[in-house]
file start30.txt (compact mmCIF, C-alpha atoms and all ligand atoms)
# COMPACT_ATOMS: atom_id res chain seq x y z
CA MET A 670 -5.32 44.32 -67.06
CA PRO A 671 -7.37 41.82 -69.10
CA ALA A 672 -8.74 38.86 -67.13
CA LEU A 673 -6.67 35.74 -66.57
CA ASN A 674 -7.74 32.15 -67.23
CA HIS A 675 -10.24 31.32 -64.48
CA ARG A 676 -9.38 27.63 -64.73
CA ALA A 677 -5.95 28.41 -63.25
CA GLU A 678 -7.41 30.16 -60.19
CA PRO A 679 -7.65 27.07 -57.94
CA LEU A 680 -4.07 26.02 -58.76
CA SER A 681 -1.39 26.66 -56.15
CA ASP A 682 2.36 26.34 -56.41
CA SER A 683 3.63 22.77 -56.01
CA TRP A 684 4.26 22.03 -52.34
CA ILE A 685 6.74 19.32 -53.26
CA ARG A 686 8.89 21.77 -55.18
CA SER A 687 8.38 24.61 -52.67
CA MET A 688 9.48 22.45 -49.75
CA THR A 689 12.61 21.55 -51.67
CA GLN A 690 13.31 25.30 -51.89
CA VAL A 691 12.62 25.69 -48.15
CA SER A 692 15.07 22.83 -47.50
CA ARG A 693 17.74 24.56 -49.57
CA GLN A 694 17.12 27.85 -47.81
CA HIS A 695 17.75 26.23 -44.41
CA GLU A 696 20.48 23.88 -45.65
CA ALA A 697 18.27 20.99 -44.58
CA ILE A 698 18.60 17.44 -45.92
CA ASP A 699 15.93 17.44 -48.60
CA LEU A 700 13.65 14.47 -48.10
CA ALA A 701 10.81 16.46 -49.69
CA GLN A 702 11.05 16.08 -53.48
CA GLY A 703 11.37 12.40 -54.36
CA PHE A 704 14.49 11.78 -56.40
CA PRO A 705 17.45 9.43 -56.02
CA ASP A 706 20.96 10.75 -55.53
CA HIS A 707 22.88 8.04 -57.37
CA GLN A 708 24.02 8.34 -60.98
CA PRO A 709 22.10 7.02 -63.98
CA PRO A 710 23.50 3.74 -65.46
CA GLN A 711 27.03 4.03 -66.87
CA VAL A 712 25.86 2.92 -70.33
CA VAL A 713 23.65 6.01 -70.47
CA LEU A 714 26.41 8.37 -69.36
CA ASP A 715 28.74 6.90 -72.00
CA GLU A 716 26.09 7.28 -74.68
CA LEU A 717 25.47 10.87 -73.61
CA ALA A 718 29.19 11.65 -73.99
CA ARG A 719 29.24 10.06 -77.46
CA ILE A 720 26.08 11.82 -78.62
CA ALA A 721 27.35 15.17 -77.35
CA HIS A 722 29.85 14.96 -80.22
CA ASP A 723 27.95 12.93 -82.79
CA GLY A 724 24.45 14.36 -82.35
CA PRO A 725 21.56 14.48 -83.02
CA HIS A 726 21.25 18.05 -81.84
CA GLN A 727 18.10 18.90 -83.76
CA TYR A 728 14.48 17.95 -83.17
CA ALA A 729 13.51 14.33 -82.73
CA ILE A 730 10.31 13.10 -84.35
CA SER A 731 7.67 14.69 -82.16
CA CYS A 732 6.22 11.45 -80.76
CA GLY A 733 9.69 10.23 -79.82
CA SER A 734 12.88 8.99 -81.44
CA PRO A 735 12.23 5.67 -83.24
CA ARG A 736 15.15 4.00 -81.43
CA LEU A 737 13.74 4.93 -78.05
CA ARG A 738 10.19 3.90 -78.92
CA GLU A 739 11.40 0.55 -80.23
CA ALA A 740 13.43 0.02 -77.05
CA LEU A 741 10.42 0.98 -74.91
CA ALA A 742 8.25 -1.52 -76.80
CA ARG A 743 10.86 -4.29 -76.27
CA LYS A 744 11.13 -3.54 -72.57
CA GLN A 745 7.39 -3.28 -72.05
CA GLU A 746 6.81 -6.60 -73.77
CA ALA A 747 9.57 -8.28 -71.77
CA PHE A 748 8.16 -7.10 -68.43
CA ARG A 749 4.43 -7.06 -69.01
CA GLY A 750 4.03 -9.70 -71.67
CA THR A 751 1.94 -7.38 -73.82
CA PRO A 752 3.26 -6.52 -77.29
CA VAL A 753 3.36 -2.78 -78.04
CA ASP A 754 3.51 -1.20 -81.49
CA PRO A 755 6.18 1.53 -81.28
CA GLU A 756 4.65 3.37 -84.25
CA ARG A 757 1.05 3.54 -83.15
CA GLU A 758 0.94 2.93 -79.40
CA ILE A 759 3.70 5.04 -77.77
CA VAL A 760 4.29 8.76 -77.31
CA VAL A 761 7.52 9.90 -75.66
CA THR A 762 6.80 12.90 -73.44
CA CYS A 763 8.57 15.37 -71.16
CA GLY A 764 8.35 13.16 -68.09
CA ALA A 765 5.35 11.20 -66.86
CA THR A 766 4.09 14.63 -65.78
CA GLU A 767 3.39 15.58 -69.38
CA ALA A 768 2.19 12.05 -70.19
CA MET A 769 -0.54 12.28 -67.54
CA LEU A 770 -1.78 15.67 -68.72
CA VAL A 771 -1.73 14.61 -72.39
CA ALA A 772 -3.57 11.39 -71.48
CA LEU A 773 -6.30 13.36 -69.74
CA LEU A 774 -6.54 15.92 -72.53
CA SER A 775 -6.88 13.03 -74.98
CA VAL A 776 -9.92 11.43 -73.34
CA VAL A 777 -11.81 13.94 -71.21
CA ASN A 778 -13.93 16.87 -72.30
CA PRO A 779 -14.59 19.99 -70.23
CA GLY A 780 -17.25 19.11 -67.68
CA ASP A 781 -16.35 15.41 -67.49
CA LYS A 782 -15.59 13.82 -64.14
CA VAL A 783 -12.32 12.09 -63.30
CA ALA A 784 -12.00 9.70 -60.33
CA ILE A 785 -8.88 10.12 -58.22
CA PHE A 786 -7.86 8.13 -55.14
CA THR A 787 -6.99 10.30 -52.17
CA PRO A 788 -4.22 10.59 -50.99
CA TYR A 789 -2.92 11.31 -54.47
CA TYR A 790 0.19 12.60 -56.18
CA GLU A 791 -0.37 16.33 -56.13
CA ASN A 792 -0.36 16.83 -59.94
CA PHE A 793 -3.52 14.79 -60.52
CA GLY A 794 -5.90 17.46 -59.20
CA PRO A 795 -4.36 20.32 -61.24
CA ASP A 796 -4.08 18.04 -64.31
CA SER A 797 -7.82 17.35 -64.15
CA ILE A 798 -8.60 21.04 -63.66
CA ILE A 799 -6.38 22.07 -66.60
CA ALA A 800 -8.23 19.47 -68.71
CA GLY A 801 -11.51 21.11 -67.63
CA ALA A 802 -12.61 18.03 -65.70
CA THR A 803 -14.03 17.82 -62.19
CA PRO A 804 -12.23 15.46 -59.83
CA VAL A 805 -14.30 12.92 -57.88
CA TYR A 806 -12.22 11.70 -54.95
CA ILE A 807 -12.23 8.14 -53.59
CA PRO A 808 -10.63 7.64 -50.16
CA LEU A 809 -7.82 5.21 -49.50
CA ARG A 810 -8.18 4.90 -45.75
CA GLU A 811 -5.41 4.70 -43.18
CA PRO A 812 -3.74 2.59 -41.99
CA THR A 813 -3.91 0.14 -44.90
CA PHE A 814 -4.84 2.61 -47.65
CA GLU A 815 -7.15 0.06 -49.22
CA PHE A 816 -10.16 1.23 -51.19
CA ASP A 817 -13.78 0.30 -50.70
CA ALA A 818 -15.10 -1.14 -53.98
CA ASP A 819 -18.52 0.40 -53.30
CA GLU A 820 -16.94 3.85 -53.15
CA VAL A 821 -15.15 3.23 -56.43
CA GLU A 822 -18.43 2.12 -57.96
CA ALA A 823 -20.15 5.23 -56.55
CA ALA A 824 -17.58 7.42 -58.37
CA PHE A 825 -18.36 5.65 -61.65
CA LYS A 826 -22.09 5.94 -60.94
CA LYS A 827 -21.55 9.69 -60.54
CA GLY A 828 -20.28 9.60 -64.10
CA ALA A 829 -16.48 9.44 -63.77
CA LYS A 830 -15.21 8.93 -67.29
CA ALA A 831 -11.69 8.03 -66.22
CA LEU A 832 -9.93 6.73 -63.13
CA ILE A 833 -6.39 7.88 -62.37
CA LEU A 834 -4.43 5.07 -60.73
CA CYS A 835 -0.97 5.65 -59.31
CA ASN A 836 0.48 2.19 -58.77
CA PRO A 837 2.76 1.80 -56.83
CA SER A 838 1.21 4.72 -55.11
CA ASN A 839 2.81 8.02 -54.18
CA PRO A 840 2.43 8.91 -51.30
CA SER A 841 0.61 5.95 -49.67
CA GLY A 842 3.17 3.28 -50.56
CA ARG A 843 0.47 0.91 -51.77
CA SER A 844 1.20 -1.62 -54.49
CA PHE A 845 -2.28 -2.80 -55.38
CA THR A 846 -2.92 -6.54 -55.18
CA HIS A 847 -4.08 -8.68 -58.05
CA HIS A 848 -7.52 -8.86 -56.47
CA GLU A 849 -7.75 -5.06 -56.11
CA MET A 850 -6.62 -4.57 -59.72
CA ASP A 851 -9.23 -7.09 -60.90
CA VAL A 852 -11.93 -5.21 -58.97
CA LEU A 853 -10.91 -1.90 -60.56
CA ALA A 854 -10.68 -3.49 -64.01
CA ALA A 855 -14.16 -5.02 -63.68
CA LEU A 856 -15.65 -1.67 -62.61
CA ALA A 857 -13.92 0.23 -65.42
CA GLN A 858 -15.37 -2.26 -67.89
CA LYS A 859 -18.83 -2.24 -66.30
CA TYR A 860 -19.01 1.57 -66.50
CA ASP A 861 -17.11 1.85 -69.78
CA ALA A 862 -14.45 4.12 -68.26
CA TRP A 863 -10.80 4.83 -69.02
CA VAL A 864 -8.04 3.99 -66.58
CA ILE A 865 -5.02 6.28 -66.73
CA THR A 866 -2.14 4.84 -64.76
CA ASP A 867 0.97 6.44 -63.31
CA GLU A 868 3.52 3.61 -63.02
CA VAL A 869 6.72 5.53 -62.46
CA TYR A 870 7.60 3.35 -59.44
CA GLU A 871 6.91 0.08 -61.33
CA HIS A 872 10.42 -1.25 -60.59
CA ILE A 873 10.50 -0.04 -56.98
CA VAL A 874 8.25 -2.68 -55.42
CA TYR A 875 9.10 -4.63 -52.29
CA PRO A 876 8.66 -8.43 -52.26
CA PRO A 877 6.37 -10.22 -51.68
CA HIS A 878 4.43 -7.44 -53.40
CA GLU A 879 4.67 -7.32 -57.16
CA HIS A 880 3.76 -4.77 -59.76
CA ILE A 881 0.66 -5.43 -61.81
CA SER A 882 0.02 -3.30 -64.89
CA MET A 883 -3.61 -2.47 -65.52
CA ALA A 884 -3.08 -2.60 -69.30
CA ALA A 885 -1.97 -6.24 -69.06
CA LEU A 886 -5.20 -7.42 -67.38
CA PRO A 887 -7.79 -9.16 -69.54
CA GLY A 888 -10.02 -6.69 -71.38
CA MET A 889 -8.08 -3.63 -70.21
CA TRP A 890 -5.65 -2.87 -73.05
CA ASP A 891 -8.25 -0.91 -75.01
CA ARG A 892 -9.26 1.30 -72.13
CA THR A 893 -5.97 1.87 -70.32
CA ILE A 894 -3.43 4.62 -70.88
CA THR A 895 -0.18 3.76 -69.14
CA CYS A 896 2.01 6.70 -68.12
CA SER A 897 5.53 6.10 -66.91
CA SER A 898 9.02 7.49 -67.17
CA LEU A 899 12.70 6.74 -67.08
CA SER A 900 13.18 9.10 -64.13
CA LYS A 901 12.90 6.76 -61.18
CA THR A 902 13.86 3.46 -62.82
CA TYR A 903 17.13 4.82 -64.22
CA SER A 904 17.74 7.63 -61.70
CA MET A 905 17.50 10.41 -64.27
CA THR A 906 14.72 12.68 -63.01
CA GLY A 907 16.34 15.76 -64.53
CA TRP A 908 16.27 14.32 -68.06
CA ARG A 909 12.48 14.59 -68.18
CA ILE A 910 11.91 11.54 -70.38
CA GLY A 911 8.52 9.94 -69.93
CA TYR A 912 6.05 8.18 -72.15
CA LEU A 913 2.50 7.06 -72.52
CA ILE A 914 1.34 3.79 -74.00
CA GLY A 915 -2.21 3.21 -75.14
CA PRO A 916 -4.43 1.91 -77.89
CA PRO A 917 -3.84 3.51 -81.32
CA ALA A 918 -7.03 5.60 -81.26
CA VAL A 919 -5.91 7.36 -78.06
CA VAL A 920 -2.28 7.62 -79.10
CA SER A 921 -3.16 9.31 -82.38
CA VAL A 922 -4.91 12.09 -80.38
CA ALA A 923 -2.18 12.17 -77.73
CA LYS A 924 0.49 12.59 -80.44
CA LYS A 925 -1.21 15.75 -81.70
CA ILE A 926 -1.69 17.30 -78.24
CA HIS A 927 1.88 16.48 -77.25
CA ASP A 928 3.19 17.87 -80.53
CA PHE A 929 1.40 21.20 -80.18
CA VAL A 930 2.37 21.62 -76.54
CA THR A 931 6.06 20.66 -76.58
CA VAL A 932 7.10 19.55 -80.12
CA GLY A 933 8.92 16.85 -78.24
CA ALA A 934 11.28 15.77 -75.49
CA SER A 935 14.99 16.54 -75.92
CA SER A 936 16.37 14.54 -78.86
CA ILE A 937 19.85 14.23 -77.43
CA LEU A 938 18.55 12.91 -74.12
CA GLN A 939 16.16 10.48 -75.81
CA GLU A 940 19.03 9.00 -77.83
CA ALA A 941 21.35 8.84 -74.84
CA ALA A 942 18.71 7.21 -72.63
CA THR A 943 17.87 4.46 -75.12
CA PRO A 944 20.49 1.86 -73.99
CA ALA A 945 18.97 1.92 -70.49
CA LEU A 946 15.91 0.12 -71.83
CA ASP A 947 18.02 -2.86 -72.89
CA LEU A 948 19.73 -3.35 -69.51
CA PRO A 949 19.55 -6.98 -68.31
CA PRO A 950 17.16 -8.19 -65.57
CA GLU A 951 20.03 -7.97 -63.05
CA TYR A 952 19.85 -4.18 -63.30
CA TYR A 953 16.28 -4.15 -62.02
CA ALA A 954 17.07 -6.70 -59.30
CA SER A 955 19.92 -4.51 -58.09
CA LEU A 956 17.75 -1.37 -58.16
CA GLN A 957 15.20 -3.19 -56.06
CA GLU A 958 17.88 -4.36 -53.64
CA THR A 959 19.18 -0.79 -53.28
CA TYR A 960 15.73 0.46 -52.34
CA ILE A 961 15.04 -2.45 -49.99
CA GLN A 962 18.22 -1.48 -48.13
CA ARG A 963 17.28 2.20 -48.05
CA ARG A 964 13.76 1.43 -46.93
CA ASP A 965 14.94 -0.90 -44.16
CA LEU A 966 17.60 1.50 -42.95
CA PHE A 967 15.22 4.44 -42.86
CA LEU A 968 12.17 2.71 -41.44
CA ASN A 969 14.15 0.84 -38.78
CA GLY A 970 15.81 4.15 -37.92
CA LEU A 971 12.44 5.89 -37.56
CA ASP A 972 11.25 2.98 -35.45
CA ASP A 973 14.27 3.28 -33.14
CA LEU A 974 13.47 6.98 -32.75
CA LYS A 975 9.85 6.04 -31.88
CA VAL A 976 8.64 8.08 -34.84
CA THR A 977 5.21 6.81 -35.85
CA THR A 978 4.54 6.09 -39.51
CA SER A 979 1.12 5.76 -41.05
CA ARG A 980 1.73 2.17 -42.09
CA THR A 981 4.42 -0.25 -41.09
CA GLU A 982 6.06 -0.78 -44.46
CA PRO A 983 5.64 0.78 -47.89
CA GLU A 984 4.88 -1.90 -50.51
CA GLY A 985 6.31 0.17 -53.34
CA GLY A 986 7.72 3.61 -54.16
CA TYR A 987 10.07 5.40 -51.77
CA TYR A 988 7.86 7.46 -49.52
CA VAL A 989 6.73 7.16 -45.97
CA LEU A 990 4.00 9.13 -44.23
CA VAL A 991 5.01 10.09 -40.70
CA ASP A 992 2.34 10.78 -38.10
CA ILE A 993 2.88 14.13 -36.36
CA ALA A 994 -0.41 14.21 -34.42
CA ASP A 995 1.43 14.18 -31.09
CA TYR A 996 3.44 17.30 -31.82
CA GLY A 997 0.56 19.69 -31.17
CA TYR A 998 0.74 21.64 -34.45
CA ASP A 999 -2.39 23.16 -35.96
CA SER A 1000 -0.72 23.18 -39.36
CA ASP A 1001 1.38 20.50 -41.02
CA GLU A 1002 2.85 23.25 -43.22
CA ASP A 1003 4.21 25.05 -40.13
CA PHE A 1004 5.54 21.71 -38.88
CA CYS A 1005 7.43 21.12 -42.13
CA VAL A 1006 8.90 24.63 -42.12
CA ASP A 1007 10.03 24.14 -38.49
CA LEU A 1008 11.38 20.68 -39.35
CA ALA A 1009 13.54 22.18 -42.11
CA GLU A 1010 14.64 25.17 -40.05
CA LYS A 1011 15.12 23.69 -36.57
CA VAL A 1012 15.83 20.00 -37.25
CA GLY A 1013 17.41 20.30 -40.69
CA VAL A 1014 15.23 17.85 -42.64
CA GLY A 1015 12.92 18.77 -45.53
CA ALA A 1016 9.48 17.10 -45.75
CA VAL A 1017 6.20 17.70 -47.57
CA PRO A 1018 3.02 18.51 -45.60
CA GLY A 1019 0.71 15.50 -45.88
CA SER A 1020 -2.38 17.66 -46.41
CA MET A 1021 -1.08 18.45 -49.91
CA PHE A 1022 -1.86 14.88 -50.94
CA PHE A 1023 -5.32 14.55 -49.45
CA HIS A 1024 -8.63 15.86 -50.65
CA GLU A 1025 -10.15 15.43 -47.19
CA PRO A 1026 -8.91 17.77 -44.43
CA THR A 1027 -5.76 16.14 -43.03
CA ASN A 1028 -3.24 17.67 -40.69
CA HIS A 1029 -1.44 14.82 -38.96
CA LEU A 1030 0.93 13.52 -41.63
CA ILE A 1031 4.12 14.57 -43.37
CA ARG A 1032 5.79 12.80 -46.30
CA LEU A 1033 9.48 11.87 -46.26
CA ASN A 1034 11.30 10.03 -49.03
CA PHE A 1035 14.06 7.49 -48.58
CA ALA A 1036 15.44 7.64 -52.12
CA ARG A 1037 18.73 9.10 -50.89
CA ASP A 1038 21.92 7.12 -50.39
CA GLU A 1039 22.52 5.45 -47.06
CA ALA A 1040 24.94 8.07 -45.68
CA VAL A 1041 22.39 10.82 -46.34
CA LEU A 1042 19.61 8.79 -44.74
CA THR A 1043 21.77 8.06 -41.69
CA ASN A 1044 22.55 11.75 -41.38
CA ALA A 1045 18.85 12.59 -41.72
CA LEU A 1046 17.99 10.07 -38.99
CA ASN A 1047 20.57 11.69 -36.69
CA ARG A 1048 18.88 14.99 -37.25
CA LEU A 1049 15.40 13.51 -36.82
CA SER A 1050 16.45 12.31 -33.36
CA GLU A 1051 16.03 15.99 -32.45
CA MET A 1052 12.47 16.07 -33.77
CA SER A 1053 11.06 15.91 -30.24
CA LYS A 1054 12.12 19.52 -29.72
CA LEU A 1055 9.26 20.50 -32.05
CA ARG A 1056 6.74 19.08 -29.59
CA ARG A 1057 4.49 21.86 -28.42
CA ALA A 1058 2.95 22.12 -24.97
CA ARG A 1059 -0.60 20.82 -25.05
CA PHE A 1060 -3.34 22.85 -23.44
N1 LIG A 1101 7.44 12.46 -57.99
C1 LIG A 1101 8.34 13.17 -57.12
C2 LIG A 1101 7.67 13.47 -55.79
O1 LIG A 1101 6.55 13.14 -55.57
C3 LIG A 1101 8.86 14.40 -57.77
C4 LIG A 1101 7.79 15.32 -58.13
C5 LIG A 1101 8.27 16.42 -58.97
O2 LIG A 1101 8.64 17.44 -58.44
N2 LIG A 1101 8.27 16.24 -60.25
O3 LIG A 1101 8.31 14.07 -54.96
call {"tool": "encode", "arguments": {"input": "start30.txt", "output": "C-alpha cells", "more": "lines below"}}
Ligand code: GLN
result
Amino acid sequence: MPALNHRAEPLSDSWIRSMTQVSRQHEAIDLAQGFPDHQPPQVVLDELARIAHDGPHQYAISCGSPRLREALARKQEAFRGTPVDPEREIVVTCGATEAMLVALLSVVNPGDKVAIFTPYYENFGPDSIIAGATPVYIPLREPTFEFDADEVEAAFKKGAKALILCNPSNPSGRSFTHHEMDVLAALAQKYDAWVITDEVYEHIVYPPHEHISMAALPGMWDRTITCSSLSKTYSMTGWRIGYLIGPPAVVSVAKKIHDFVTVGASSILQEAATPALDLPPEYYASLQETYIQRRDLFLNGLDDLKVTTSRTEPEGGYYVLVDIADYGYDSDEDFCVDLAEKVGVGAVPGSMFFHEPTNHLIRLNFARDEAVLTNALNRLSEMSKLRRARF
C-alpha cells in the first residue's frame, strides 16, 4: 500500500466523541460531549419549517448566505461595539471547528509555531498539526488556571506566530479578566503575533465575570481572528453553523480555503438560523439564567456528595473538572470507562485536555436539563464504589 500522510500519524480519535459512544454503549447519562438538550429558539424552528417548503435547497454563496452574514455583523456590533463588514470580514463555516482550522491555515505556514494554553480544547493540537505548525504549550495552573505572563512571553520569544485563546475556556471554566486580556493583547502586539480566539461560550458567562472579546481591545482588530458558532448560544450543535471574523486580508484567504474544503455550510440551515441573531437581549439573559441554575444545581450536588472539583466555580462555559486522585486509578481513561459502565455517567478523561502528563481529572458537563442532572447526581452518589484499595 502507498504511504499515508505522516502529518496524520500523531492524531488520535476524539476522546470527547469516543466517550459519548462509550456512554451510549452502557446506557450511561452522557456528560461527556458538551451539548445542551433543550430545543433551539422557536423562531428558528418556525423558519426551518417554512424554508423546508420555500427553499433555498441549493448552494449558498460559499462564504455564507448574505442574510446570515448581515445578521452576524449586526449582532457582533451590538454586543462587542465593533462594526463588522459582512462582505469582507466574515466567513460562515461548518461550526467553529472548521473556523479554527481555516483560521490557522490562513495565517500559519508549515514549520511555524502556535502557542496553546494547556488544558486546551482537544481540537487545537490536531488543528495545529494539520496546518503543519508545531504547538508550544503554555500552562494554566490549577487551581485557578491563571497564566504566568512570563511563560506567555517565553512562547512568543520561541517564535509563536499565533496564540489560540479559548475564552470562556473549555475545559478550565476560565473567563479571562480584563487585565489578563490586556496582558495577552500587549504581548501579541509586542511580538507581532496573531490571536485566534474560540468564543463559542461567549454568552455562557457567570456574573460577576463578563466576556471580553480580544478583537474589541485597542490595537487588536487587525491581528485577531474570532471564531465562534451558533451551536452553544442557540442550542443547535447539530446544525454545524459557525463563523470566523477577521480583518479583510485574512478573510480573503480564509474564504478561499473554506471554499475549497467545504464549498459552504448548509444553505437551508444558514437561512433558518438567521432569525436567531436578531433575538432581543432578554434571550441571552434567559440563556445565562438557565446555565446559572444548571451550574448551581450540579456543583452544589457534587459538593453534597463530597466530590472534589478542580476549582470551586466555573466562570464560563458548562464544564467542570472533577478530581479523581483519591480513587486509586492509574489511568483516567479506565476511570471514565468504569464510570460509564458501573455508575452510569459518561465523562471525558482529563488527560485528553492537557499537554503535561495529568491523570487526576475527569471532565463533566452540566449543559443538560435539570432532571437529567439530578438523575446524574443520583448515579454519581455511587461513585465511591470505584474507589480502589490503596497499597
Ligand atoms: N465542544 C464540545 C465539547 O467540548 C463538543 C465537541 C465536539 O464534539 N464537537 O464537548
call {"tool": "closest_residue", "arguments": {"input": "start30.txt", "among": "A:Leu1042, A:Ile798, A:Leu956, A:Val1006", "to": "Pro710 of chain A", "atoms": "all atoms listed in the file"}}
result
A:Leu956
call {"tool": "closest_atom_pairs", "arguments": {"input": "start30.txt", "of": "chain A", "to": "ligand LIG 1101 (chain A)", "cutoff": "6 Å", "atoms": "all atoms listed in the file", "output": "JSON lines"}}
result
{"residue": "A:Ile685", "atom": "CA", "partner": "A:LIG1101", "partner_atom": "O3", "distance": 5.7}
{"residue": "A:Arg686", "atom": "CA", "partner": "A:LIG1101", "partner_atom": "O2", "distance": 5.4}
{"residue": "A:Gln702", "atom": "CA", "partner": "A:LIG1101", "partner_atom": "O3", "distance": 3.7}
{"residue": "A:Gly703", "atom": "CA", "partner": "A:LIG1101", "partner_atom": "O3", "distance": 3.5}
call {"tool": "residues_around", "arguments": {"input": "start30.txt", "residues": "segment 933-944 of chain A", "least_positions_apart": "4", "cutoff": "8 Å", "atoms": "all atoms listed in the file", "output": "PyMOL selection string"}}
result
chain A and resi 712-714+716-717+720-721+724-734+736-737+740+761-763+908-910+927-928+948
call {"tool": "atom_distance", "arguments": {"input": "start30.txt", "atom1": "atom CA of Ile961 of chain A", "atom2": "atom CA of Leu990 of chain A"}}
result
17.0 Å
call {"tool": "atom_distance", "arguments": {"input": "start30.txt", "atom1": "atom CA of Ala994 of chain A", "atom2": "atom CA of Tyr960 of chain A"}}
result
27.8 Å
call {"tool": "closest_residue", "arguments": {"input": "start30.txt", "among": "A:Asp995, A:Ala1016, A:Glu746, A:Ser1050", "to": "Asp699 of chain A", "atoms": "all atoms listed in the file"}}
result
A:Ala1016
call {"tool": "atom_distance", "arguments": {"input": "start30.txt", "atom1": "atom CA of Arg810 of chain A", "atom2": "atom CA of Phe845 of chain A"}}
result
13.7 Å
